[in-house]
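Structure file work-v3.cif (mmCIF, C-alpha atoms) follows.
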```cif
data_input
#
loop_
_atom_site.group_PDB
_atom_site.id
_atom_site.type_symbol
_atom_site.label_atom_id
_atom_site.label_comp_id
_atom_site.auth_asym_id
_atom_site.auth_seq_id
_atom_site.Cartn_x
_atom_site.Cartn_y
_atom_site.Cartn_z
ATOM 1 C CA MET A 319 -1.583 -60.040 96.063
ATOM 2 C CA ASP A 320 -0.932 -58.956 92.483
ATOM 3 C CA THR A 321 -0.625 -62.169 90.488
ATOM 4 C CA GLY A 322 -0.409 -60.597 87.050
ATOM 5 C CA ALA A 323 2.622 -61.318 84.857
ATOM 6 C CA PRO A 324 5.403 -61.839 87.403
ATOM 7 C CA GLU A 325 8.935 -61.803 86.036
ATOM 8 C CA HIS A 326 10.130 -65.271 85.016
ATOM 9 C CA ARG A 327 12.797 -65.637 87.685
ATOM 10 C CA TYR A 328 10.175 -65.401 90.451
ATOM 11 C CA ARG A 329 7.834 -67.963 88.952
ATOM 12 C CA VAL A 330 9.789 -70.776 90.579
ATOM 13 C CA HIS A 331 8.450 -69.422 93.896
ATOM 14 C CA ALA A 332 4.889 -69.971 92.713
ATOM 15 C CA ARG A 333 5.861 -73.554 91.927
ATOM 16 C CA LEU A 334 7.267 -74.006 95.433
ATOM 17 C CA ALA A 335 3.922 -72.861 96.796
ATOM 18 C CA HIS A 336 2.112 -75.187 94.353
ATOM 19 C CA THR A 337 3.973 -78.228 95.701
ATOM 20 C CA ILE A 338 3.382 -77.230 99.323
ATOM 21 C CA ILE A 339 -0.337 -76.694 98.672
ATOM 22 C CA ALA A 340 -0.774 -79.766 96.419
ATOM 23 C CA ASP A 341 0.939 -81.949 99.042
ATOM 24 C CA GLY A 342 -1.381 -80.551 101.720
ATOM 25 C CA LYS A 343 1.579 -79.173 103.697
ATOM 26 C CA HIS A 344 0.145 -75.679 104.101
ATOM 27 C CA ASP A 345 -1.480 -74.809 107.405
ATOM 28 C CA GLN A 346 -5.064 -74.071 106.382
ATOM 29 C CA ALA A 347 -6.147 -73.055 109.904
ATOM 30 C CA PHE A 348 -3.267 -70.562 110.225
ATOM 31 C CA LEU A 349 -3.925 -69.108 106.775
ATOM 32 C CA ALA A 350 -7.662 -68.741 107.477
ATOM 33 C CA ARG A 351 -7.117 -67.080 110.837
ATOM 34 C CA TYR A 352 -4.092 -64.843 110.259
ATOM 35 C CA CYS A 353 -3.840 -64.168 106.529
ATOM 36 C CA THR A 354 -5.997 -62.420 103.965
ATOM 37 C CA ASP A 355 -6.494 -63.212 100.286
ATOM 38 C CA PHE A 356 -4.930 -66.669 100.415
ATOM 39 C CA GLU A 357 -7.813 -68.179 98.422
ATOM 40 C CA PRO A 358 -7.236 -66.018 95.283
ATOM 41 C CA PHE A 359 -3.516 -66.853 95.527
ATOM 42 C CA ARG A 360 -4.269 -70.574 95.894
ATOM 43 C CA LYS A 361 -6.562 -70.457 92.859
ATOM 44 C CA TYR A 362 -3.822 -68.727 90.825
ATOM 45 C CA VAL A 363 -1.105 -71.195 91.830
ATOM 46 C CA MET A 364 -3.302 -74.251 91.311
ATOM 47 C CA GLY A 365 -4.412 -72.960 87.888
ATOM 48 C CA GLU A 366 -8.055 -72.423 88.790
ATOM 49 C CA ALA A 367 -7.854 -68.684 88.072
ATOM 50 C CA ASP A 368 -6.215 -68.783 84.641
ATOM 51 C CA GLY A 369 -6.231 -72.422 83.555
ATOM 52 C CA VAL A 370 -2.452 -72.776 84.036
ATOM 53 C CA ALA A 371 -1.324 -74.766 87.076
ATOM 54 C CA LYS A 372 2.048 -73.503 88.297
ATOM 55 C CA THR A 373 3.630 -76.971 88.248
ATOM 56 C CA ALA A 374 7.305 -77.872 88.313
ATOM 57 C CA GLN A 375 7.244 -78.443 84.559
ATOM 58 C CA TRP A 376 5.663 -75.021 83.999
ATOM 59 C CA ALA A 377 8.326 -73.289 86.083
ATOM 60 C CA ALA A 378 11.244 -75.351 84.730
ATOM 61 C CA ALA A 379 10.438 -74.295 81.175
ATOM 62 C CA ILE A 380 10.720 -70.610 82.076
ATOM 63 C CA CYS A 381 13.441 -70.377 84.705
ATOM 64 C CA ASP A 382 16.093 -72.992 83.793
ATOM 65 C CA VAL A 383 15.702 -74.901 87.064
ATOM 66 C CA PRO A 384 14.939 -78.616 86.656
ATOM 67 C CA ALA A 385 11.411 -79.592 87.712
ATOM 68 C CA GLU A 386 12.753 -82.259 90.064
ATOM 69 C CA SER A 387 14.923 -79.673 91.855
ATOM 70 C CA ILE A 388 11.942 -77.383 92.364
ATOM 71 C CA THR A 389 9.787 -80.174 93.784
ATOM 72 C CA THR A 390 12.592 -81.441 96.041
ATOM 73 C CA LEU A 391 13.245 -77.938 97.379
ATOM 74 C CA ALA A 392 9.551 -77.323 98.075
ATOM 75 C CA ARG A 393 9.270 -80.573 99.989
ATOM 76 C CA ARG A 394 12.431 -79.834 101.984
ATOM 77 C CA MET A 395 11.049 -76.377 102.799
ATOM 78 C CA ALA A 396 7.784 -77.904 104.003
ATOM 79 C CA ALA A 397 9.582 -80.448 106.200
ATOM 80 C CA SER A 398 12.271 -78.350 107.868
ATOM 81 C CA ARG A 399 13.034 -74.881 109.146
ATOM 82 C CA THR A 400 13.664 -72.614 106.166
ATOM 83 C CA MET A 401 14.916 -69.061 105.830
ATOM 84 C CA ILE A 402 13.516 -67.370 102.732
ATOM 85 C CA SER A 403 15.785 -64.521 101.734
ATOM 86 C CA VAL A 404 15.017 -61.737 99.277
ATOM 87 C CA ALA A 405 17.423 -58.995 98.227
ATOM 88 C CA TRP A 406 16.938 -55.257 98.507
ATOM 89 C CA ALA A 407 16.319 -53.014 95.464
ATOM 90 C CA LEU A 408 14.227 -55.530 93.505
ATOM 91 C CA GLN A 409 11.183 -53.321 94.003
ATOM 92 C CA ARG A 410 12.630 -50.828 91.525
ATOM 93 C CA GLY A 411 12.023 -53.192 88.600
ATOM 94 C CA ASP A 412 8.835 -54.182 86.812
ATOM 95 C CA HIS A 413 6.827 -56.324 89.262
ATOM 96 C CA GLY A 414 9.730 -55.948 91.687
ATOM 97 C CA GLU A 415 7.509 -56.135 94.753
ATOM 98 C CA GLN A 416 6.577 -59.728 94.014
ATOM 99 C CA PRO A 417 9.662 -61.431 95.536
ATOM 100 C CA TYR A 418 8.804 -59.826 98.891
ATOM 101 C CA TRP A 419 5.145 -60.833 98.728
ATOM 102 C CA MET A 420 6.077 -64.321 97.557
ATOM 103 C CA GLY A 421 8.634 -64.773 100.339
ATOM 104 C CA ILE A 422 6.046 -63.807 102.931
ATOM 105 C CA THR A 423 3.434 -66.018 101.263
ATOM 106 C CA LEU A 424 5.778 -69.035 101.219
ATOM 107 C CA ALA A 425 6.535 -68.545 104.912
ATOM 108 C CA ALA A 426 2.825 -68.213 105.689
ATOM 109 C CA CYS A 427 2.154 -71.476 103.814
ATOM 110 C CA SER A 428 4.549 -73.348 106.108
ATOM 111 C CA ASP A 429 3.082 -76.276 107.972
ATOM 112 C CA ARG A 430 2.920 -75.110 111.599
ATOM 113 C CA SER A 431 3.535 -78.675 112.817
ATOM 114 C CA ALA A 432 7.011 -78.486 111.227
ATOM 115 C CA PRO A 433 9.645 -75.923 112.251
ATOM 116 C CA PRO A 434 8.397 -72.570 110.890
ATOM 117 C CA ALA A 435 9.863 -70.643 107.974
ATOM 118 C CA ALA A 436 11.307 -67.158 108.288
ATOM 119 C CA VAL A 437 11.597 -64.342 105.767
ATOM 120 C CA CYS A 438 14.584 -62.027 105.665
ATOM 121 C CA ALA A 439 15.045 -59.060 103.367
ATOM 122 C CA GLY A 440 18.675 -58.172 102.800
ATOM 123 C CA VAL A 441 20.534 -60.555 105.102
ATOM 124 C CA ARG A 442 23.560 -58.331 104.752
ATOM 125 C CA PRO A 443 22.941 -55.422 102.404
ATOM 126 C CA ARG A 444 26.061 -54.178 100.671
ATOM 127 C CA GLY A 445 27.152 -50.605 100.109
ATOM 128 C CA HIS A 446 26.292 -49.032 103.456
ATOM 129 C CA ARG A 447 28.457 -46.053 104.302
ATOM 130 C CA ARG A 448 30.573 -46.272 107.439
ATOM 131 C CA ARG A 449 29.843 -49.961 107.913
ATOM 132 C CA GLN A 450 31.877 -52.082 110.273
ATOM 133 C CA ARG A 451 34.308 -54.592 108.805
ATOM 134 C CA VAL A 452 33.321 -58.162 109.552
ATOM 135 C CA ALA A 453 35.445 -61.308 109.527
ATOM 136 C CA PHE A 454 33.143 -63.103 107.069
ATOM 137 C CA SER A 455 31.286 -61.158 104.416
ATOM 138 C CA GLY A 456 28.910 -63.838 103.194
ATOM 139 C CA PRO A 457 28.436 -65.253 99.700
ATOM 140 C CA VAL A 458 29.852 -62.425 97.573
ATOM 141 C CA LEU A 459 32.482 -62.188 94.882
ATOM 142 C CA PRO A 460 35.514 -59.907 95.342
ATOM 143 C CA GLN A 461 34.599 -56.429 94.152
ATOM 144 C CA GLY A 462 37.979 -54.745 93.996
ATOM 145 C CA ARG A 463 38.357 -51.130 95.080
ATOM 146 C CA ASN A 464 35.764 -48.611 93.961
ATOM 147 C CA SER A 465 37.483 -45.406 92.873
ATOM 148 C CA VAL A 466 34.232 -43.422 93.124
ATOM 149 C CA ARG A 467 34.093 -41.596 96.437
ATOM 150 C CA THR A 468 30.708 -39.889 96.068
ATOM 151 C CA ALA A 469 27.853 -41.873 97.587
ATOM 152 C CA ILE A 470 24.532 -41.147 95.927
ATOM 153 C CA PRO A 471 21.380 -42.756 97.353
ATOM 154 C CA VAL A 472 19.623 -44.902 94.742
ATOM 155 C CA ALA A 473 16.399 -42.997 95.353
ATOM 156 C CA ARG A 474 18.186 -39.793 94.230
ATOM 157 C CA ILE A 475 19.532 -40.963 90.860
ATOM 158 C CA THR A 476 16.732 -39.325 88.856
ATOM 159 C CA ASP A 477 17.249 -36.070 90.777
ATOM 160 C CA MET A 478 20.985 -36.265 90.050
ATOM 161 C CA LEU A 479 20.427 -36.798 86.315
ATOM 162 C CA GLU A 480 17.927 -33.937 86.120
ATOM 163 C CA ASN A 481 19.921 -31.576 88.350
ATOM 164 C CA PRO A 482 23.707 -32.031 87.964
ATOM 165 C CA ASP A 483 25.658 -29.890 90.444
ATOM 166 C CA GLY A 484 22.510 -29.634 92.594
ATOM 167 C CA SER A 485 22.595 -30.202 96.337
ATOM 168 C CA TYR A 486 20.778 -32.788 98.435
ATOM 169 C CA ASP A 487 20.591 -33.878 102.064
ATOM 170 C CA PHE A 488 22.038 -37.313 102.816
ATOM 171 C CA ASP A 489 23.008 -38.978 106.060
ATOM 172 C CA GLY A 490 22.911 -35.682 107.976
ATOM 173 C CA THR A 491 25.034 -33.704 105.505
ATOM 174 C CA VAL A 492 24.400 -31.513 102.481
ATOM 175 C CA CYS A 493 26.030 -33.086 99.437
ATOM 176 C CA THR A 494 26.457 -31.993 95.809
ATOM 177 C CA TYR A 495 25.655 -34.141 92.808
ATOM 178 C CA PRO A 496 28.629 -34.696 90.477
ATOM 179 C CA THR A 497 28.996 -32.960 87.139
ATOM 180 C CA PHE A 498 28.878 -35.154 84.054
ATOM 181 C CA ALA A 499 31.188 -34.566 81.118
#
```
Show me the file's structure as structure tokens.
Amino acid sequence: MDTGAPEHRYRVHARLAHTIIADGKHDQAFLARYCTDFEPFRKYVMGEADGVAKTAQWAAAICDVPAESITTLARRMAASRTMISVAWALQRGDHGEQPYWMGITLAACSDRSAPPAAVCAGVRPRGHRRRQRVAFSGPVLPQGRNSVRTAIPVARITDMLENPDGSYDFDGTVCTYPTFA
């Protein structure tokens, strides 16, 4: 696991792991048998690797979440079934892979004597073409109507900027990038 310079908003996750590990609520036998590289992660979180323990106070100072809230959440996660959700597209940012790795790591740290944790990436991703309408859309704000009718895959944005009016294959059809004024 890459533990170098994670973005500040993900550091609270390291603190959750710190509480679980410090309280002895991680399943050491499970981690030893089924996981790799837990020991370097543990040393990082506990501060043995860099001299900075990832405590609630450490995280609270960087992410605007009170230390008590972080500790309470970690202890609730260790004691009950927890779904750890991460959103899609974060991997496109600097250190964007870390929320996924941290979600998996937190779930792996779960005490196996308690109900296990689960990790879910994109509980209900938005923006899919031809998606079915559902009665309840989840925790989202009203978006209004998008007047743009051309769907461009995120992975193709650089191609579009470098090749306006170019064509590309998407969802079984040949499409054309828009022209910019």
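If you measure from each of A:Ala371, A:Val492, A:Ala378, A:Ala405 to Ala335 (chain A) using all atoms listed in the file, the closest one turns out to be A:Ala371.
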Centre and edge lengths, as JSON, for the axis-aligned box enclosing every listed atom of region 463-470 of chain A with 6 Å of padding on each of the six sides, in Å to one decimal?
```
{"center_x": 31.4, "center_y": -45.5, "center_z": 95.2, "size_x": 25.8, "size_y": 23.2, "size_z": 16.7}
```
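Considering the residues A:Cys438, A:Val383, A:Leu479, A:Leu334 and counting only C-alpha atoms, Ile402 (chain A) has its shortest atom-to-atom contact with A:Cys438.
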Subject >> Å distance separating CA of Lys343 (chain A) from CA of Ala396 (chain A), one decimal place >> reply: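 Between CA of Lys343 (chain A) and CA of Ala396 (chain A) the gap works out to 6.3 Å.
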**OP:** Kindly give the distance, in Å, that separates CA of Ile338 (chain A) and CA of Ala350 (chain A), rounded to a single decimal.
**Re:** 16.1 Å
